[in-house]
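Student: This is the structure I have questions about; it appears just below.
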Amino acid sequence: MITGVTTPDDTDHAPDRSFEFGTPLEGTLGRTGVIHTPHGDIATPAFIPVGTKATVKTVLPEAVADLGAQAVLANAYHLYLQPGPAIIDAAGGLGRFMNWPGPTYTDSGGFQVMSLGVGFKKVISMEVRDAENDDVIAPGKERLARVDDDGVTFKSHLDGTTHRFTPEVSMQIQHQLGADIIFAFDELTTLMNTRPYQVNSLERTRLWAIRCLAEHNRLTAERSHRPVQSLWGVIQGAQYEDLRRLAARDLMEASRRDQDAGGRGFGGYGIGGALEKENLGRIVGWVNSELPTETAKHLLGISEPDDIFTAIESGIDTFDCVSPSRVARNGAIYSFDGRYNVTNARFRSDFSSLDPELDNYATQYSRAYIHHLFKAKEGLASTLCTIHNEHFIVTLVDRARQAIEDGNYAEYRDGFLARYYAGSR
C-alpha cells in the first residue's frame with residue numbers, strides 16, 4: 001500500500017503520491033487501486049465521462065452522478081475560449097462552476113489545438129497511410145495552428161481570433177480551472193507523420209513537460225488558497241516502441257529531478273497520441289512496463305468494450321472518451337447483447353427498455369418512445385440515450401474492477417465479449 005497521500009493541507013511541494021495500489025491482475029500489468037483527490041476518491045479501473053465544456057452533453061451533472069460516474073473530464077482549450085478560465089476560477093473551480101461535487105480532470109488543450117487547427121473537427125487521422133506526410137491537414141481546410149519549440153499559435157475555431165498556448169499558459173489555465181487532475185502540455189502527432197518528425201516532437205514534448213512541472217510548482221505555491229492539483233505527464237511516441245519507452249523514461253526522470261529539487265513531480269501519466277486499435281495493448285504495455293507501478297495511468301480517448309479490457313490488462317487505471325455520449329446523440333445504443341441503433345424501423349413498436357439488464361433513469365422509457373423522439377427531433381432522445389450509454393460503460397468497468405478483486409476477471413471478460421460481439425447489429 002502507498003502511504004503519505006497528498007492532501008490540500010500538506011506542504012505545497014510535497015511529492016505527489018495520490019495513488020494507492022490495490023489488487024494485482026495476475027499475469028498482466030492490470031490492477032485495482034484508488035486515486036485520492038481533494039474532492040473524493042476514485043476506485044480504479046474507472047471510466048471517466050467527458051464533459052468537454054463543463055457539461056456531459058444533454059445530461060444534468062446530477063444524472064451523471066446517479067449513473068455511477070466517479071469523476072468527469074473537461075477540456076482546457078474549449079473552456080479557455082468560452083467562458084474563460086477567470087470566470088471558472090471566480091466560481092471556485094470547475095466542480096463548483098458545473099455543480100459537480102466529485103473529482104475532476106482537465107486535459108491540456110493540446111489535442112484540440114492541433115486537431116481543430118488542421119481542420120479535423122473530431123479526430124486527427126489515427127490510421128497508417130501509404131504516404132507519410134508531416135504537413136497533416138484536412139482536405140480543403142485552412143491551417144489554424146502552428147507549432148514551434150516554444151508553444152503553439154492558433155486561431156479560435158469560434159471567431160478566428162489568434163491565441164498562443166505554451167506549457168506555462170496551459171498550466172495557468174488549468175490551475176484557474178481548478179481540476180483535481182491536470183495534464184502537461186504536449187504535442188499531438190499522427191501516424192502519418194514521419195519518424196524524424198516524431199523524434200523531434202518527442203523531444204519538444206519532453207522539454208515542455210519540464211516547463212509544465214516548474215510552472216505547476218510555482219502556481220501551487222502561489223495559489224495555496226485552492227486545493228492542491230495533481231499534474232500528470234503525457235507519453236507520446238506514436239507506434240514506435242523505442243520512442244514510447246524513451247518518452248516514459250524521460251518523463252520519469254523529469255519527475256524524479258523535480259522532486260529532488262523540492263517539487264511535486266508527476267502524480268500520474270497519460271498515454272496519448274496515435275494508437276492503432278490492433279496495437280493498443282502492445283503500445284500501452286511498452287509504456288507501462290517502464291513507468292513506476294506506484295503511479296496512476298490514464299488512457300486518453302478509449303471506450304469500446306474490447307479496447308477497455310485490453311487497456312485494463314495493460315495497466316491502465318482510468319480512461320475517458322466522448323464516444324458514449326456522441327454516438328448516443330445519433331441513436332446508437334450500447335447493450336449487453338451488442339450495439340444497435342434505436343432509430344431503425346424495427347424499433348418503432350418495440351416497447352422494451354434500451355437494455356433490460358441496466359437500471360437507470362432511461363430504463364422507464366421504451367425503445368419505441370425513444371425511436372419516436374428521434375424521428376420527432378426532440379432533444380430528450382439524446383438525454384435518455386446518453387444517460388444509458390454512459391451508465392453502460394461505467395458499469396462495464398465497475399464490474400471489471402470487482403472481477404479483479406474477486407479473482408474471476410478472465411471469466412467476466414470472456415463472457416461479456418462473447419455475448420456483446422455476438423449480438424452487435
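Scheme for the C-alpha cells: letters A, B, ... for chains in order shown; per-chain residue numbers from 1; ligand numbers from 1 in order shown.
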Applying 7 Å and only C-alpha atoms, which residues near stretch 259-275 of chain A remain after dropping the ones on its own chain fewer than 3 positions away? List them as a PDB file with C-alpha atoms, in the first residue's frame.
Tutor:
```
ATOM      1  CA  HIS A  13       5.697  20.969  -2.693  1.00  0.00           C
ATOM      2  CA  ALA A  14       5.199  17.585  -1.026  1.00  0.00           C
ATOM      3  CA  PRO A  15       5.794  14.846  -3.633  1.00  0.00           C
ATOM      4  CA  ASP A  16       2.563  13.788  -5.327  1.00  0.00           C
ATOM      5  CA  ARG A  17       1.671  10.294  -4.102  1.00  0.00           C
ATOM      6  CA  SER A  18      -2.057  10.340  -4.636  1.00  0.00           C
ATOM      7  CA  MET A 126      -5.014   7.610 -36.468  1.00  0.00           C
ATOM      8  CA  LEU A 188      -0.033  15.506 -30.615  1.00  0.00           C
ATOM      9  CA  THR A 189       1.293  13.752 -33.707  1.00  0.00           C
ATOM     10  CA  THR A 190      -0.410  11.310 -36.059  1.00  0.00           C
ATOM     11  CA  LEU A 191       0.615   8.044 -37.672  1.00  0.00           C
ATOM     12  CA  LEU A 213       6.435  20.922 -13.802  1.00  0.00           C
ATOM     13  CA  ASN A 217       5.130  24.089  -8.685  1.00  0.00           C
ATOM     14  CA  SER A 230      -2.074  16.590  -9.389  1.00  0.00           C
ATOM     15  CA  LEU A 231      -0.114  17.096 -12.625  1.00  0.00           C
ATOM     16  CA  TRP A 232       0.248  14.096 -14.934  1.00  0.00           C
ATOM     17  CA  GLY A 233       2.788  13.794 -17.754  1.00  0.00           C
ATOM     18  CA  VAL A 234       1.719  12.649 -21.227  1.00  0.00           C
ATOM     19  CA  ILE A 235       3.557   9.877 -23.092  1.00  0.00           C
ATOM     20  CA  GLN A 236       3.786  10.213 -26.869  1.00  0.00           C
ATOM     21  CA  ALA A 238       3.241   7.022 -31.967  1.00  0.00           C
ATOM     22  CA  GLN A 239       3.690   3.344 -32.926  1.00  0.00           C
ATOM     23  CA  SER A 255       9.609  13.840 -12.305  1.00  0.00           C
ATOM     24  CA  ARG A 256      12.444  12.473 -10.173  1.00  0.00           C
ATOM     25  CA  ASN A 279      -1.607  -2.282 -31.441  1.00  0.00           C
ATOM     26  CA  LEU A 280      -3.300  -0.705 -28.430  1.00  0.00           C
ATOM     27  CA  THR A 295       1.651   5.961 -10.059  1.00  0.00           C
ATOM     28  CA  ALA A 296      -1.699   6.030 -11.837  1.00  0.00           C
ATOM     29  CA  LYS A 297      -2.023   5.786 -15.620  1.00  0.00           C
ATOM     30  CA  HIS A 298      -4.721   7.296 -17.815  1.00  0.00           C
ATOM     31  CA  LEU A 299      -5.532   6.364 -21.420  1.00  0.00           C
ATOM     32  CA  LEU A 300      -6.949   9.213 -23.466  1.00  0.00           C
TER      33      LEU A 300
END
```
Student: Kindly give the distance, in Å, that separates atom CA of A:Asp150 and atom CA of A:Pro83, rounded to a single decimal.
Tutor: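 For atom CA of A:Asp150 relative to atom CA of A:Pro83, the distance reads 25.7 Å.
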Student: How far is it from atom CA of A:Glu378 to atom CA of A:Asp320, in Å with one decimal?
Tutor: 27.3 Å
Student: May I have all residues of stretch 188-362 of chain A that DSSP, computed from the backbone, assigns to helix (DSSP H, G or I), given as a VMD selection string?
Tutor: chain A and resid 195 to 222 241 to 260 277 to 290 305 to 313 323 to 328 345 to 347 361 to 362
Student: Any chance you could list, as a ChimeraX atom specification, the residues in stretch 62-267 of chain A that come up strand (DSSP E or B) when DSSP is run on the backbone?
Tutor: /A:72-75,104-107,145-147,152-155,162-165,181-183,230-235
